[in-house]
Amino acid sequence: MASISDTRYPPSYYAASANNPLQAPALEGDQETEVCVIGAGYTGLSTALHLLEQGHDVTVVEAARVGWGASGRNGGQIVNSYSRDIDVIERTAGARVATELGAMAFEGGRIIRELIDRYDIQCDLKQGGIFAALNSRQMEELTRQKALWERYGYKQLQLLDGDGIRDKVATQRYVGGLLDQGSGHIHPLNLALGEARAVQKLGGRIYEQSEVIAIERGVRPVVRTAHGQIRARVLVIAGNAYLGGLVPELKAKSMPCGTQMIATEPLPDTLAASLIPGGECVEDCNYLLDYYRLSADRRLLYGGGVVYGARDPADIDRLIRPKMLRTFPQLDGVNIEYRWTGNFLMTLSRLPQVGRLGNNILYSQGCSGHGVTYTHLAGRILSEAIGGNTRRFDAFASLRHYPFPGGHLLQAPFSALGAWYYTLRDRLGL
Ligand SMILES: Cc1cc2nc3c(=O)[nH]c(=O)nc-3n(C[C@H](O)[C@H](O)[C@H](O)COP(=O)(O)OP(=O)(O)OC[C@H]3O[C@@H](n4cnc5c(N)ncnc54)[C@H](O)[C@@H]3O)c2cc1C
């Protein structure tokens, strides 16, 4: 049974400002391929591109449209490292795995820039990102984060004190911050569309509006859609938060969460320039964080909030606009022109889950909020593993995957409790 009911792009600012839509047919009839990738978000597209560049034969099957999922709806922030940082990996997985993963923590952002350059992708790339501290504890964490990333060889960071961050962001909310010159932001849907065009240019096949409704496992696995099927040597599962129940093992250890965004009308030049004069993207250090940036046409794109269990919020403006006005009261009276919601996939450890189902089905999922860079890295390491070099894939696969306590039925209430706990922690500044 199909789990994705509406295959149109959501009414986002990104869909309204997308470059020419891709022309891709729906799957019909029987096909054979070497590698079949399920899902045309960044994970699937990056895997396909890396494989095609190495001469493999690749077919991507997408339930809706290219970039229809989180990859075409997100904040566009190129955030380095992982949702839990390398020190957590050091503590939980040991020094060897931490060294391997730490060496890869800044690679995803480089991959994005390489792809943009190599395939001339028009997606408004802008350099620079800021982590903003709301209290002194968060500032201490940022100071530790800088030292940690520098220990792993990353040198593009600058701490900002109170005056420093007020020069960068026109709000009184922050006590300081951390500027990452190697971060930045992009128009996320246009990045996905550009990657998909590159896949097609390299001879890869993409089928849209072709939801995989069954997988037949075996020596040569088969994916079935309503009107066709593909037999492959290897399958890559890249459906992330939109995979539904297609692969029960993956559903059991992850949970889709919704987060919402709004886009203002284009702001007058002087107002836009006064908000974030350097044009960086910004995210605060709360667990349930606010994230925002200016678009190329001077809108403020503001996101935040987490709705567990991926329910659509009744009124996104009511949820997100007050957050925006708390940061920028000077935007009172500015119109909101777009609002949308999207799902990312949470894991209990908040680290990604990478692994195999049998010999010939590989997956990567659950980057838990920060996925723009990780998914691009994931595509590279999945392609390496399919090509026979499993060292980096195995390092990720060695991270423990925890099932959600109480199974799938209890995931939403459990996490609502978690959200309540973390909201309280954020409010108390703990
Ligand atoms: C609103 C929002 C804001 C975010 N902001 C940021 C940010 O600023 N920075 C950051 O680093 N991360 C951010 N994230 C997270 C980031 O967008 C995701 O981690 C990342 O895009 C996940 O990519 P993906 O390819 O794994 O999944 P997706 O992009 O969700 O792609 C999965 C695709 O698989 C398809 N699919 C699923 N099931 C099937 C099936 N059965 N058959 C065929 N196709 C299927 C879906 O239709 C979908 O297109 C945000 C997420 C959201 C929702």
# chains A, B, ... in the order shown; residues from 1 in each chain; ligands from 1
call {"tool": "residues_around", "arguments": {"residues": "stretch 347-355 of chain A", "least_positions_apart": "4", "cutoff": "6 Å", "atoms": "only C-alpha atoms", "output": "list of chain:residue names"}}
result
A:Ser254, A:Leu362, A:Tyr363, A:Ser364, A:Gln365, A:Gly366, A:Cys367, A:Ser368, A:Phe396, A:Ala397
call {"tool": "write_last_selection", "arguments": {"atoms": "N, CA, C and O atoms", "output": "CSV table (one decimal), in the first residue's frame"}}
result
chain,number,residue,atom,x,y,z
A,254,SER,N,14.1,4.0,14.4
A,254,SER,CA,14.2,5.4,14.1
A,254,SER,C,12.8,6.0,14.2
A,254,SER,O,11.8,5.3,14.2
A,362,LEU,N,22.1,-2.2,1.1
A,362,LEU,CA,22.8,-1.2,2.0
A,362,LEU,C,21.8,-0.1,2.4
A,362,LEU,O,21.0,0.3,1.6
A,363,TYR,N,22.0,0.5,3.5
A,363,TYR,CA,21.2,1.7,3.9
A,363,TYR,C,22.0,2.7,4.7
A,363,TYR,O,23.0,2.4,5.3
A,364,SER,N,21.5,3.9,4.6
A,364,SER,CA,22.0,5.0,5.5
A,364,SER,C,20.7,5.8,5.9
A,364,SER,O,20.0,6.2,5.0
A,365,GLN,N,20.6,6.1,7.1
A,365,GLN,CA,19.4,6.9,7.6
A,365,GLN,C,19.7,7.5,8.9
A,365,GLN,O,20.6,7.2,9.6
A,366,GLY,N,18.8,8.5,9.2
A,366,GLY,CA,18.7,9.0,10.6
A,366,GLY,C,19.8,9.9,11.1
A,366,GLY,O,20.4,9.8,12.1
A,367,CYS,N,20.0,11.0,10.2
A,367,CYS,CA,21.1,11.9,10.7
A,367,CYS,C,20.5,12.9,11.7
A,367,CYS,O,21.3,13.7,12.2
A,368,SER,N,19.3,12.7,12.1
A,368,SER,CA,18.7,13.4,13.3
A,368,SER,C,18.8,14.9,13.3
A,368,SER,O,19.2,15.5,14.3
A,396,PHE,N,31.3,3.5,10.2
A,396,PHE,CA,29.9,4.0,10.5
A,396,PHE,C,29.0,2.9,11.0
A,396,PHE,O,28.3,3.0,11.9
A,397,ALA,N,29.1,1.7,10.3
A,397,ALA,CA,28.2,0.6,10.6
A,397,ALA,C,28.5,0.1,12.0
A,397,ALA,O,27.7,-0.6,12.6
call {"tool": "residues_near_ligand", "arguments": {"ligand": "ligand 1", "cutoff": "7 Å", "atoms": "only C-alpha atoms and all ligand atoms", "output": "JSON, numbers by chain"}}
result
{"A": [38, 39, 40, 41, 42, 43, 44, 61, 62, 63, 64, 65, 66, 67, 68, 69, 70, 71, 72, 73, 74, 75, 76, 77, 78, 79, 210, 211, 212, 213, 238, 239, 240, 241, 242, 243, 244, 246, 258, 259, 260, 261, 291, 303, 341, 342, 343, 344, 365, 367, 368, 369, 370, 371, 372, 373, 375]}
call {"tool": "write_last_selection", "arguments": {"atoms": "C-alpha atoms", "output": "short mmCIF file (atom, residue, chain, number, x, y, z; two decimals), in the first residue's frame"}}
result
data_model
loop_
_atom_site.label_atom_id
_atom_site.label_comp_id
_atom_site.auth_asym_id
_atom_site.auth_seq_id
_atom_site.Cartn_x
_atom_site.Cartn_y
_atom_site.Cartn_z
CA ILE A 38 15.36 3.95 -3.43
CA GLY A 39 14.81 7.67 -2.78
CA ALA A 40 15.97 10.79 -4.64
CA GLY A 41 17.01 12.95 -1.70
CA TYR A 42 20.65 13.86 -1.05
CA THR A 43 21.51 10.37 0.26
CA GLY A 44 20.21 8.68 -2.88
CA VAL A 61 13.44 5.22 -7.97
CA GLU A 62 11.59 8.08 -6.26
CA ALA A 63 8.08 7.86 -4.80
CA ALA A 64 7.29 11.52 -5.47
CA ARG A 65 9.64 14.04 -7.09
CA VAL A 66 13.39 14.63 -6.87
CA GLY A 67 14.07 16.48 -3.59
CA TRP A 68 10.44 16.10 -2.51
CA GLY A 69 11.53 14.95 1.00
CA ALA A 70 13.70 16.76 3.54
CA SER A 71 16.37 17.45 0.92
CA GLY A 72 14.11 19.91 -0.89
CA ARG A 73 12.54 21.48 2.20
CA ASN A 74 15.35 22.07 4.68
CA GLY A 75 16.99 25.16 6.13
CA GLY A 76 19.77 24.86 3.56
CA GLN A 77 22.42 25.12 6.27
CA ILE A 78 25.69 23.33 5.52
CA VAL A 79 26.50 22.34 9.11
CA SER A 210 7.30 5.49 -8.59
CA GLU A 211 6.93 4.43 -4.99
CA VAL A 212 8.58 1.14 -4.12
CA ILE A 213 5.80 -0.87 -2.51
CA ALA A 238 17.71 6.05 1.02
CA GLY A 239 14.09 6.78 1.95
CA ASN A 240 14.94 8.19 5.39
CA ALA A 241 11.93 9.72 7.21
CA TYR A 242 9.54 9.00 4.33
CA LEU A 243 10.27 5.26 4.03
CA GLY A 244 7.21 4.30 6.09
CA LEU A 246 8.72 -0.67 3.69
CA GLY A 258 8.51 17.16 11.64
CA THR A 259 10.08 20.61 11.69
CA GLN A 260 8.54 23.72 10.18
CA MET A 261 9.74 26.73 8.21
CA TYR A 291 17.60 28.17 12.45
CA GLY A 303 12.67 27.38 10.99
CA THR A 341 6.74 21.34 7.10
CA GLY A 342 9.15 18.48 6.47
CA ASN A 343 10.30 15.31 8.16
CA PHE A 344 13.76 14.33 9.28
CA GLN A 365 19.40 6.89 7.55
CA CYS A 367 21.07 11.91 10.68
CA SER A 368 18.71 13.40 13.30
CA GLY A 369 18.47 17.01 12.20
CA HIS A 370 21.83 17.86 10.65
CA GLY A 371 21.83 15.94 7.42
CA VAL A 372 22.76 18.24 4.56
CA THR A 373 26.48 17.48 4.86
CA THR A 375 23.97 12.67 3.49
#
call {"tool": "residues_around", "arguments": {"residues": "A:Ser183", "least_positions_apart": "2", "cutoff": "10 Å", "atoms": "only C-alpha atoms", "output": "PyMOL selection string"}}
result
chain A and resi 77-80+106+109-110+126-130+156-157+179-181+185+280-281+373
call {"tool": "residues_around", "arguments": {"residues": "stretch 23-29 of chain A", "least_positions_apart": "5", "cutoff": "7 Å", "atoms": "only C-alpha atoms", "output": "NGL selection string"}}
result
:A and (206-210 or 227-229)
call {"tool": "closest_residue", "arguments": {"among": "A:Arg339, A:Ile237, A:Asn389, A:Ile112", "to": "A:Ile316", "atoms": "only C-alpha atoms"}}
result
A:Arg339
call {"tool": "select_by_dssp", "arguments": {"residues": "stretch 155-382 of chain A", "states": "helix (DSSP H, G or I)", "output": "VMD selection string"}}
result
chain A and resid 162 to 168 188 to 201 240 to 242 248 to 252 269 to 275 316 to 327 329 to 331 372 to 382
call {"tool": "atom_distance", "arguments": {"atom1": "atom CA of A:Pro248", "atom2": "atom CA of A:Arg231"}}
result
20.7 Å
call {"tool": "closest_atom_pairs", "arguments": {"of": "stretch 98-168 of chain A", "to": "stretch 188-192 of chain A", "cutoff": "7 Å", "atoms": "only C-alpha atoms", "output": "tab-separated table"}}
result
residue	atom	partner	partner_atom	distance
A:Ile121	CA	A:Leu191	CA	6.6
A:Gln122	CA	A:Asn190	CA	6.8
A:Cys123	CA	A:Asn190	CA	5.2
call {"tool": "select_by_dssp", "arguments": {"residues": "stretch 79-302 of chain A", "states": "strand (DSSP E or B)", "output": "PyMOL selection string"}}
result
chain A and resi 126-133+157-160+176-185+205-207+214-216+222-224+228-237+255-264+281-284+291-294+300-302
call {"tool": "closest_residue", "arguments": {"among": "A:Ser274, A:Gln200, A:Asn286, A:Asn360", "to": "A:Leu22", "atoms": "only C-alpha atoms"}}
result
A:Gln200
call {"tool": "residues_around", "arguments": {"residues": "A:Tyr338", "least_positions_apart": "2", "cutoff": "6 Å", "atoms": "only C-alpha atoms", "output": "MDAnalysis selection string"}}
result
chainID A and resid 12:13 262:263 336
call {"tool": "atom_distance", "arguments": {"atom1": "atom CA of A:Gln31", "atom2": "atom CA of A:Gly204"}}
result
13.2 Å
call {"tool": "residues_around", "arguments": {"residues": "A:Ala133", "least_positions_apart": "3", "cutoff": "7 Å", "atoms": "only C-alpha atoms", "output": "PyMOL selection string"}}
result
chain A and resi 138-139+174-177+284-285
